[in-house]
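So the structure is just underneath, and the comments pick up after that.
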Amino acid sequence: MSAANLAAAAEVALPLLDRDHSILAFNWRVFDWACRAEVPLLERLRYLCIVSSNLDEFFEVRSEPHLMACQRKDTQGLYTVASFTRLSTAIHELVDRQYALYNDELMPAFRKEGIEIVSHGDRNPAQRRWVKQYFEQDVQPLLIPVGLDPSHPFPQVANKSLNFIVRLGGKDAFGRENDIAIVKVPRALPRLIPMPDKLCGQGSRKRRLFVSLSSVIRAHLEDLFPGREVRHFSQFRVTRHSDLAVDEEDVKNLRTALRQGLEHRHYGQAVRLEVSAGCPQDLADFLLGQFDLPEGALYRVHGPVNLVRLGQLVDLINDPRLEKRLRFPSYRASYPSQLAGTAQGAVAASGAVGAMSIFERLERGDVLIHQPYERFDGVLDFLREAVNDPQVLAIRQTVYRTGANSALMDLLREAVRRGKEVTVVLELKARFDEEVNIDWAERLEFIGVQVLYGVVGLKTHAKAMLVTRRVPGAHGTPTLKRYAHLSTGNYNPATARFYTDWSHLTADPQITADVEQVFIHLAGQNRLPKLHQLWMAPFHLHKKLLEKIETLKAAAAAGQPARLVAKMNALTDEPLIRALIEAGRQGVKIDLIVRGACMLPARVPGQTDNIRVRSIIGRFLEHARVFYFRHGDGAQAEESLYLASADWMNRNMLRRVELAWPVLDPALRQRVIDETLTAALKDNDGAWELMPDGRYERLQPASGAPALSVQRALMGRYGA
């Protein structure tokens with residue numbers, strides 16, 4: 001392309017990719033793992049369930065504007081009838097492929113392994129007797145069928161719950177022909193029920209058999225309507241818009257307002273209706289009318305209406321011989337290598353008692369922990385030492401997602417019992433974790449923890465812990481010293497086993513002073529002073545990233561080599577995308593490793609030739625945010641690397657409290673580059689490359705070349 005044509009192209013803003021369709025493209029990449037024959041069978045089922053769970057959340061959070069536009073018949077703007085139709089068509093294709101894989105490949109493969117979910121038609125007489133007994137004893141007492149008439153209106157149906165619609169023949173006890181009934185299935189009932197061993201065969205023919213709850217109820221619907229004929233029926237499930245909207249400026253107590261909002265979340269605006277593939281059209285139309293949904297929101301499925309719950313099968317197969325063959329090889333993470341010389345590290349390694357505390361180790365230099373290849377126990381041990389050390393006076397911590405059962409939260413409670421000052425900035429608005437976090441807030445406040453809910457109008461998504469400790473001063477006079485933990489991921493020991501993240505422990509005076517100022521700001525909401533090393537959203541982070549990109553752009557324009565490599569979960573912030581495009585046009589070489597949604601169209605001739613985007617999908621969820629900037633030659637080159645809690649999304653930059661911080665130690669910086677960035681750019685096993693039209697192509701090894709997986713390589717390096 002000529003220089004004139006390049007200039008003309010630059011004057012026209014490059015259209016960005018559609019965010020919602022980019023999210024669906026991510027789910028196709030996850031679905032690909034469910035399709036891979038080399039992936040163990042139970043893991044393939046798990047990936048299938050992950051896609052279904054992701055689609056549930058997509059409908060709960062992203063689909064309502066498209067649906068509302070369709071119902072209003074809007075033809076202009078971002079959300080229109082056409083956008084709803086395109087989205088609906090794309091999701092229907094993915095759902096159809098899911099159920100085809102489930103029925104045509106996964107279930108037959110499970111049967112070959114002696115594992116089967118037995119339908120009513122395939123049960124022998126003894127199995128049918130047992131199912132009938134189970135229904136009568138454990139299921140029927142919890143079911144209350146509702147026959148619809150003017151005094152029995154259509155019942156409230158909870159979000160994502162299992163239900164049945166039934167068309168009845170004959171007349172009711174009062175001689176009326178009300179022919180529609182609804183059966184709501186309680187969430188407390190398991191969706192998969194193992195059959196007793198005596199019904200699963202003997203010896204070499206012994207199998208592991210299960211029945212689905214929907215099949216149990218379907219086989220005994222007539223028992224719920226004595227004297228009536230069950231003519232037609234279908235299971236159904238409705239998904240509702242579930243994003244909580246609370247006007248924080250207008251409530252006196254955010255915790256109370258959120259708890260009240262949670263009571264209504266299960267009954268928000270309906271956005272999707274799933275029914276059995278054989279559901280009669282008149283019953284489907286009746287349900288669509290009840291939920292005020294268009295035909296495009298109806299999903300006929302050839303199987304259970306909730307594939308997510310089939311994930312229970314993975315946990316129910318507890319035979320070690322089957323698990324060895326049908327699951328990924330077990331991985332035992334090592335204790336963090338940089339903490340090996342500490343007392344906790346020695347105990348973890350051999351049960352011996354080491355001489356050095358983690359605090360003493362941090363006096364010698366910073367520590368990085370690469371999770372899940374190294375265990376999250378290193379972070380817990382840092383907090384445990386702080387709790388047990390009588391010289392520690394105060395502990396401050398942010399909490400976004402930590403889980404219902406959290407050793408970390410128990411340690412914070414123990415710190416209070418030992419007389420330490422404990423402050424927790426607990427984000428009540430962490431989507432779908434609100435109830436767990438509200439419960440933790442109440443439990444922590446009850447024992448005397450100072451619990452803060454962040455800043456009105458912002459979510460506190462930063463991950464930080466600060467320990468203040470009394471140490472001997474220069475002349476024997478005690479002085480206070482700070483130690484900090486910063487992380488790209490949550491303080492959740494459960495997810496730390498399968499989310500890739502970096503934990504950073506430091507006693508650096510400037511970084512720890514910055515962390516202290518952040519906590520003071522969150523508590524008192526005073527003006528934030530100038531920070532030495534940290535970038536904080538919504539104040540500095542967006543501006544600093546744009547400045548870094550502009551510096552690279554100017555260097556490239558001056559003829560210097562310029563390089564940017566950034567890893568994140570999503571790239572949807574338009575100012576950052578436009579800045580990247582302009583930098584690429586000037587010659588900056590840009591590699592973006594974006595796991596999920598990416599709106600930047602890469603490799604568009606004359607526009608984004610210098611920008612490559614790839615996505616890594618694997619056994620673990622890629623979650624670390626790492627940003628690398630370099631420009632100049634040789635000894636004059638300037639290089640910096642930041643870890644962060646934030647993705648490059650508008651909400652992270654402007655509507656959340658986020659932190660990014662530098663890795664100052666050159667050796668540690670190179671470690672992050674090698675293990676996170678360079679390795680990801682060499683991956684040809686779990687990597688996909690973004691095409692200019694928004695499609696992703698899976699990367700394959702060249703003929704005769706080995707498959708390179710960043711995750712397998714790191715498991716091999718760190719595995720205990």
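Chain lettering (A, B, ...) mirrors the order of the structure tokens, residue numbering begins at 1 for each chain separately, and ligand numbering begins at 1 in order of display.
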For Glu574 in chain A: contacts at 12 Å, only C-alpha atoms, fewer than 5 positions along chain excluded, given as a PyMOL selection string | chain A and resi 13-19+542+546+579-581+598-601+648-651+653
For the residues in the current selection, export N, CA and C atoms as a CSV table (one decimal), in the first residue's frame.
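Heads up, here's the output in part.csv:
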chain,number,residue,atom,x,y,z
A,13,ALA,N,-11.5,6.1,10.9
A,13,ALA,CA,-11.4,5.3,12.1
A,13,ALA,C,-11.8,3.9,11.7
A,14,LEU,N,-10.9,3.0,12.1
A,14,LEU,CA,-11.0,1.6,11.9
A,14,LEU,C,-12.2,1.1,12.7
A,15,PRO,N,-13.2,0.4,12.1
A,15,PRO,CA,-14.3,-0.1,12.9
A,15,PRO,C,-13.8,-1.2,13.8
A,16,LEU,N,-14.3,-1.1,15.1
A,16,LEU,CA,-13.8,-2.1,16.1
A,16,LEU,C,-14.7,-3.4,16.0
A,17,LEU,N,-14.2,-4.4,16.5
A,17,LEU,CA,-15.0,-5.7,16.6
A,17,LEU,C,-16.1,-5.6,17.6
A,18,ASP,N,-17.1,-6.4,17.4
A,18,ASP,CA,-18.3,-6.4,18.3
A,18,ASP,C,-17.9,-7.1,19.6
A,19,ARG,N,-18.2,-6.5,20.7
A,19,ARG,CA,-17.8,-7.0,22.0
A,19,ARG,C,-18.5,-8.3,22.3
A,542,HIS,N,-5.4,4.7,33.7
A,542,HIS,CA,-5.7,4.9,32.3
A,542,HIS,C,-4.8,5.9,31.6
A,546,LEU,N,-1.9,5.2,28.6
A,546,LEU,CA,-1.9,6.0,27.4
A,546,LEU,C,-0.6,6.7,27.2
A,579,ALA,N,-5.3,4.1,20.8
A,579,ALA,CA,-3.9,4.4,21.0
A,579,ALA,C,-3.0,3.3,20.5
A,580,LEU,N,-3.4,2.1,20.7
A,580,LEU,CA,-2.6,0.9,20.2
A,580,LEU,C,-2.5,0.9,18.7
A,581,ILE,N,-3.7,1.2,18.1
A,581,ILE,CA,-3.7,1.2,16.6
A,581,ILE,C,-2.8,2.3,16.0
A,598,CYS,N,-11.9,-9.3,22.8
A,598,CYS,CA,-11.0,-8.3,22.2
A,598,CYS,C,-11.7,-7.6,21.0
A,599,MET,N,-11.8,-6.3,21.1
A,599,MET,CA,-12.4,-5.5,20.1
A,599,MET,C,-11.5,-4.9,19.1
A,600,LEU,N,-10.2,-5.1,19.3
A,600,LEU,CA,-9.2,-4.6,18.4
A,600,LEU,C,-9.0,-5.5,17.2
A,601,PRO,N,-9.3,-5.1,16.0
A,601,PRO,CA,-9.1,-5.9,14.8
A,601,PRO,C,-7.6,-6.0,14.4
A,648,TRP,N,-7.9,-4.2,30.3
A,648,TRP,CA,-8.1,-3.0,29.6
A,648,TRP,C,-9.5,-2.8,29.1
A,649,MET,N,-10.3,-2.5,30.1
A,649,MET,CA,-11.8,-2.3,29.9
A,649,MET,C,-12.1,-0.9,30.5
A,650,ASN,N,-13.1,-0.3,29.9
A,650,ASN,CA,-13.5,1.0,30.4
A,650,ASN,C,-13.9,1.0,31.9
A,651,ARG,N,-14.6,-0.1,32.3
A,651,ARG,CA,-15.1,-0.2,33.7
A,651,ARG,C,-13.9,-0.3,34.6
A,653,MET,N,-10.9,0.9,34.1
A,653,MET,CA,-10.1,2.2,34.1
A,653,MET,C,-10.8,3.3,34.8
Taking only C-alpha atoms into account, produce a table as a tab-separated table in which each residue of range 597-650 of chain A with an atom at most 8 Å from an atom of range 485-500 of chain A appears once, together with its shortest atom pair and the distance in Å to one decimal, ordered by chain and rising number.
residue	atom	partner	partner_atom	distance
A:Arg619	CA	A:Phe498	CA	7.8
A:Phe620	CA	A:Phe498	CA	4.9
A:Leu621	CA	A:Tyr499	CA	4.8
A:Glu622	CA	A:Thr500	CA	5.1
A:His623	CA	A:Thr500	CA	5.2
A:Ala624	CA	A:Thr488	CA	5.5
A:Arg625	CA	A:Thr488	CA	6.1
A:Leu643	CA	A:Thr488	CA	6.6
A:Ala644	CA	A:Thr488	CA	5.3
A:Ser645	CA	A:Thr488	CA	4.5
A:Ala646	CA	A:Thr488	CA	7.8
Skipping near chain neighbours, those fewer than 2 positions away, what residues fall within 9 Å of Leu298 in chain A using only C-alpha atoms, listed as a compact mmCIF listing (two decimals) with N, CA and C atoms, in the first residue's frame?
# COMPACT_ATOMS: atom_id res chain seq x y z
N ARG A 272 -34.13 -15.50 28.36
CA ARG A 272 -33.97 -16.73 27.56
C ARG A 272 -34.90 -17.80 28.11
N LEU A 273 -35.46 -18.60 27.20
CA LEU A 273 -36.31 -19.73 27.58
C LEU A 273 -35.76 -20.99 26.92
N GLU A 274 -35.44 -21.99 27.73
CA GLU A 274 -34.99 -23.29 27.23
C GLU A 274 -36.08 -24.32 27.47
N VAL A 275 -36.37 -25.12 26.44
CA VAL A 275 -37.36 -26.18 26.55
C VAL A 275 -36.79 -27.43 25.89
N ALA A 284 -44.75 -24.15 23.97
CA ALA A 284 -43.64 -23.20 23.87
C ALA A 284 -44.17 -21.77 23.71
N LEU A 288 -43.54 -18.55 26.11
CA LEU A 288 -43.00 -17.29 25.58
C LEU A 288 -43.90 -16.12 25.94
N LEU A 293 -41.35 -13.01 25.79
CA LEU A 293 -40.13 -13.22 25.03
C LEU A 293 -40.46 -13.48 23.56
N PRO A 294 -39.59 -13.02 22.65
CA PRO A 294 -39.79 -13.31 21.23
C PRO A 294 -39.31 -14.72 20.90
N GLU A 295 -39.66 -15.18 19.72
CA GLU A 295 -39.29 -16.53 19.29
C GLU A 295 -37.78 -16.74 19.32
N GLY A 296 -37.00 -15.71 19.02
CA GLY A 296 -35.55 -15.85 19.00
C GLY A 296 -34.94 -16.15 20.35
N ARG A 300 -34.59 -24.75 21.92
CA ARG A 300 -35.01 -26.15 22.03
C ARG A 300 -33.75 -27.01 22.14
Could you write out, as JSON, numbers by chain, all the residues of range 187-417 of chain A that DSSP marks as helix (DSSP H, G or I)?
-> {"A": [197, 198, 199, 203, 204, 205, 213, 214, 215, 216, 217, 218, 219, 221, 222, 223, 224, 248, 249, 250, 254, 255, 256, 257, 258, 259, 260, 261, 262, 263, 264, 265, 281, 282, 283, 284, 285, 286, 287, 288, 289, 290, 291, 295, 296, 297, 307, 308, 309, 310, 311, 312, 313, 314, 315, 316, 320, 321, 322, 323, 324, 325, 326, 337, 338, 339, 343, 344, 345, 346, 347, 348, 349, 350, 358, 359, 360, 361, 362, 363, 364, 377, 378, 379, 380, 381, 382, 383, 384, 385, 386, 387, 388, 407, 408, 409, 410, 411, 412, 413, 414, 415, 416, 417]}
Correct to one decimal, the distance CA of Lys463 in chain A-CA of Ile593 in chain A is 21.5 Å
Pick from A:Val95, A:Leu699, A:Leu708, A:Leu505, whichever lies nearest to Val367 in chain A using only C-alpha atoms | A:Leu505
